[in-house]
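The structure under discussion appears below in the form of structure tokens.
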Amino acid sequence: VHQVPLHNMTGLKILNVSYNTLESIPRNTFPKLYELHTVDLSHNKLQSIWNGVFQSLFSLRFLNLSHNDMETIKGSTFGALHTLLEMDLSHNRISDINKASLARCASLRTLTLRNNSISQLFQLSLSLAHLDLSQNAISLIPPLTTWPSMNSLLSLDLSHNLLGDSLERGAFSNLLTLQRLNLGGNNITRPPWESYISLSTLQYIYLQDNQLTHLNRGAFGRLPVVFELNLANNNIHNISERAFEGLLQLLILNLTSNNITSIPNGAFQGQ
């Protein structure tokens with residue numbers, strides 16, 4: 001399929017044209033499809049989307065554009081899609097996202113941008129609950145200026161980026177309700193506890209597949225409601241007494257595939 005003629009299909013509710021050879025979505029592709037709530041255009045060859053092409057879809061809730069060849073998201077690519085709940089842009093070639101291009105989706109709850117070439121963060125919809133930016137090229141998160149004060153974001157996946165030890169105090173301080181933070185696979189050499197120390201709701205921290213070697217006393221700061229800490233596949237060989245001090249509710253600790261030869265008696269004191 002190279003084109004999708006949809007005229008006179010006014011009762012259409014779900015459109016799935018995945019696994020085809022579509023290269024573009026021209027203007028007026030979706031005429032008067034007021035009941036259409038799900039569009040799956042994944043696994044095509046899309047390189048461009050006409051500005052505002054989805055604007056006429058007043059019931060659109062789920063949009064899948066994953067596994068295509070898009071490189072740029074312009075300011076008016078999506079416009080104000082007020083009913084959209086989930087958007088999947090993963091597995092494209094996206095490197096350029098206009099700063100405010102996705103912020104006007106006022107009801108957006110889940111945004112997936114996994115496996116692209118994104119190096120800089122952009123303005124987010126305040127309604128977001130789940131954001132996946134894994135497998136990109138993000139190397140820096142400037143403290144305090146990156147995120148607006150977000151009262152809805154529950155999970156943030158930044159795994160397999162290029163963060164290294166760049167995370168500073170307050171990098172995530174405006175994520176007021178964050179529960180799950182994934183920083184795996186970023187070549188981190190020391191626990192970046194200062195970046196998330198103010199997150200009183202954080203419950204799950206993933207630091208697997210990094211380059212951690214030492215866990216000093218209070219290595220993770222005081223995080224009273226963290227239930228799970230994943231430190232698998234690092235190079236940890238030295239754990240100090242009271243290394244896990246401050247993790248008062250810790251239930252799951254994963255230290256598999258490290259270089260640990262002994263754990264001091266006091267490593268878990270102060271929990």
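Labels used: A, B, ... for chains in the order of the structure tokens, numbers from 1 for residues in each chain, and numbers from 1 for ligands as shown.
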
Enumerate as a VMD selection string all residues of segment 95-247 of chain A assigned to alpha helix (DSSP H) by DSSP on the backbone, naming them with the chain letters and numbers the document uses. chain A and resid 193 to 196

Pull the strand (DSSP E) assignments for segment 2-77 of chain A out of DSSP run on the backbone, and list those residues as a PyMOL selection string. chain A and resi 14-16+24-25+38-40+48-49+62-64+72-73

Counting only C-alpha atoms, what is within 7 Å of Leu183 of chain A, bar same-chain residues fewer than 2 positions away, as a list of chain:residue names?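 Non-adjacent residues within range: A:Asp157, A:Leu158, A:Ser159, A:Leu181, A:Gly185, A:Asn186, A:Tyr206, A:Leu207.
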
I need the chosen residues saved as a PDB file, in the first residue's frame, with C-alpha atoms.
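selection_39.pdb written:
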ATOM      1  CA  ASP A 157      13.180   6.063  31.151  1.00  0.00           C
ATOM      2  CA  LEU A 158      16.544   7.588  30.200  1.00  0.00           C
ATOM      3  CA  SER A 159      18.387   4.298  29.915  1.00  0.00           C
ATOM      4  CA  LEU A 181      13.493   6.363  37.183  1.00  0.00           C
ATOM      5  CA  GLY A 185      23.320   1.909  30.504  1.00  0.00           C
ATOM      6  CA  ASN A 186      24.691   5.464  30.786  1.00  0.00           C
ATOM      7  CA  TYR A 206      17.361   1.412  37.927  1.00  0.00           C
ATOM      8  CA  LEU A 207      21.141   1.880  37.633  1.00  0.00           C
TER       9      LEU A 207
END

Excluding segment 123-126 of chain A and its own-chain neighbours fewer than 5 positions away, which residues fall within 9 Å of it when counting only C-alpha atoms? Please give them as JSON, numbers by chain. {"A": [98, 99, 100, 101, 102, 103, 104, 105, 106, 107, 108, 109, 146, 147, 148, 149, 150, 151, 152, 153]}

Given the selection you just returned, output its residues as a file containing C-alpha atoms, formatted as a PDB file, in the first residue's frame.
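Generated file (out-v5.pdb):
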ATOM      1  CA  ASN A  98      10.806  21.534  17.784  1.00  0.00           C
ATOM      2  CA  LYS A  99      10.838  22.725  21.385  1.00  0.00           C
ATOM      3  CA  ALA A 100       7.061  23.059  21.756  1.00  0.00           C
ATOM      4  CA  SER A 101       5.870  20.597  19.107  1.00  0.00           C
ATOM      5  CA  LEU A 102       4.561  18.012  21.582  1.00  0.00           C
ATOM      6  CA  ALA A 103       3.553  20.293  24.445  1.00  0.00           C
ATOM      7  CA  ARG A 104       0.128  21.173  23.053  1.00  0.00           C
ATOM      8  CA  CYS A 105      -1.186  17.609  23.300  1.00  0.00           C
ATOM      9  CA  ALA A 106      -2.974  18.537  26.487  1.00  0.00           C
ATOM     10  CA  SER A 107      -4.245  15.047  27.398  1.00  0.00           C
ATOM     11  CA  LEU A 108      -1.186  13.013  26.403  1.00  0.00           C
ATOM     12  CA  ARG A 109      -0.367  10.376  29.036  1.00  0.00           C
ATOM     13  CA  THR A 146      14.694  21.164  31.689  1.00  0.00           C
ATOM     14  CA  TRP A 147      11.386  20.130  33.181  1.00  0.00           C
ATOM     15  CA  PRO A 148       8.366  22.268  34.090  1.00  0.00           C
ATOM     16  CA  SER A 149       6.716  21.534  37.433  1.00  0.00           C
ATOM     17  CA  MET A 150       5.017  18.261  36.548  1.00  0.00           C
ATOM     18  CA  ASN A 151       2.346  16.795  38.782  1.00  0.00           C
ATOM     19  CA  SER A 152       1.511  13.774  36.612  1.00  0.00           C
ATOM     20  CA  LEU A 153       4.773  12.153  35.483  1.00  0.00           C
TER      21      LEU A 153
END

Between A:His91, A:Arg222, A:Arg27, A:His214, which one has atoms that come closest to Glu241 of chain A, using only C-alpha atoms?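 Between A:His91, A:Arg222, A:Arg27, A:His214, the residue approaching Glu241 of chain A most closely is A:His214.
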
Closest of A:Phe268, A:Leu175, A:Leu163, A:Tyr204 to Pro192 of chain A - atom-to-atom distances counting only C-alpha atoms: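 Of all the options, A:Leu163 lies closest to Pro192 of chain A.
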
Using only C-alpha atoms, which residues sit within 6 Å of Ser117 of chain A once same-chain residues fewer than 3 positions away are excluded, as a PyMOL selection string? chain A and resi 93-95+136-137

Restricting it to C-alpha atoms, dump the selection as a PDB file, in the first residue's frame.
ATOM      1  CA  ARG A  93      15.657   8.518  13.111  1.00  0.00           C
ATOM      2  CA  ILE A  94      14.419  11.563  14.977  1.00  0.00           C
ATOM      3  CA  SER A  95      17.171  13.992  15.928  1.00  0.00           C
ATOM      4  CA  ASN A 136      18.959   8.076  22.380  1.00  0.00           C
ATOM      5  CA  ALA A 137      21.949  10.444  22.504  1.00  0.00           C
TER       6      ALA A 137
END

So that I can check the surroundings of Tyr34 of chain A, please list as a CSV table (one decimal) with C-alpha atoms, in the first residue's frame every protein, DNA and RNA residue that reaches within 9 Å of it, counting only C-alpha atoms and ignoring chain neighbours fewer than 2 positions away.
chain,number,residue,atom,x,y,z
A,10,THR,CA,-17.0,8.4,8.0
A,11,GLY,CA,-17.8,5.7,10.5
A,12,LEU,CA,-14.3,4.4,10.8
A,13,LYS,CA,-13.0,4.0,14.4
A,31,PRO,CA,-11.4,13.8,5.8
A,32,LYS,CA,-14.3,13.9,8.3
A,36,LEU,CA,-11.6,7.5,14.4
A,37,HIS,CA,-9.8,7.0,17.7
A,56,SER,CA,-9.3,16.8,11.9
A,57,LEU,CA,-9.4,13.7,14.0
A,58,PHE,CA,-11.4,15.0,16.9
A,59,SER,CA,-11.6,11.6,18.7
A,60,LEU,CA,-8.0,10.5,18.2

Within 7 Å of Ala219 of chain A, counting only C-alpha atoms, which residues qualify if same-chain residues fewer than 2 places away don't, as JSON, numbers by chain? {"A": [191, 215, 216, 217, 221, 243, 244]}

How many Å lie between atom CA of Glu23 of chain A and atom CA of Gly79 of chain A, rounded to one decimal? 20.7 Å

Just checking: using only C-alpha atoms, which residue out of A:Asn235, A:Gln208, A:Ser198, A:Thr213 ends up closest to Leu253 of chain A? A:Gln208

What are the closest atom pairs, with distances in Å to one decimal, for each residue of segment 59-115 of chain A lying within 9 Å of segment 50-53 of chain A, using only C-alpha atoms, rows by chain and rising residue number, as CSV?
residue,atom,partner,partner_atom,distance
A:Lys74,CA,A:Asn51,CA,7.9
A:Gly75,CA,A:Asn51,CA,8.5
A:Ser76,CA,A:Asn51,CA,5.4
A:Thr77,CA,A:Asn51,CA,4.3
A:Phe78,CA,A:Gly52,CA,5.4
A:Gly79,CA,A:Gly52,CA,5.8
A:Ala80,CA,A:Gly52,CA,8.6

Between A:Asn115, A:Thr83, A:Asn230, A:Ser240, which residue has the minimum interatomic distance to Ser127 of chain A, considering only C-alpha atoms?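 Of A:Asn115, A:Thr83, A:Asn230, A:Ser240, the one nearest Ser127 of chain A is A:Thr83, counting only C-alpha atoms.
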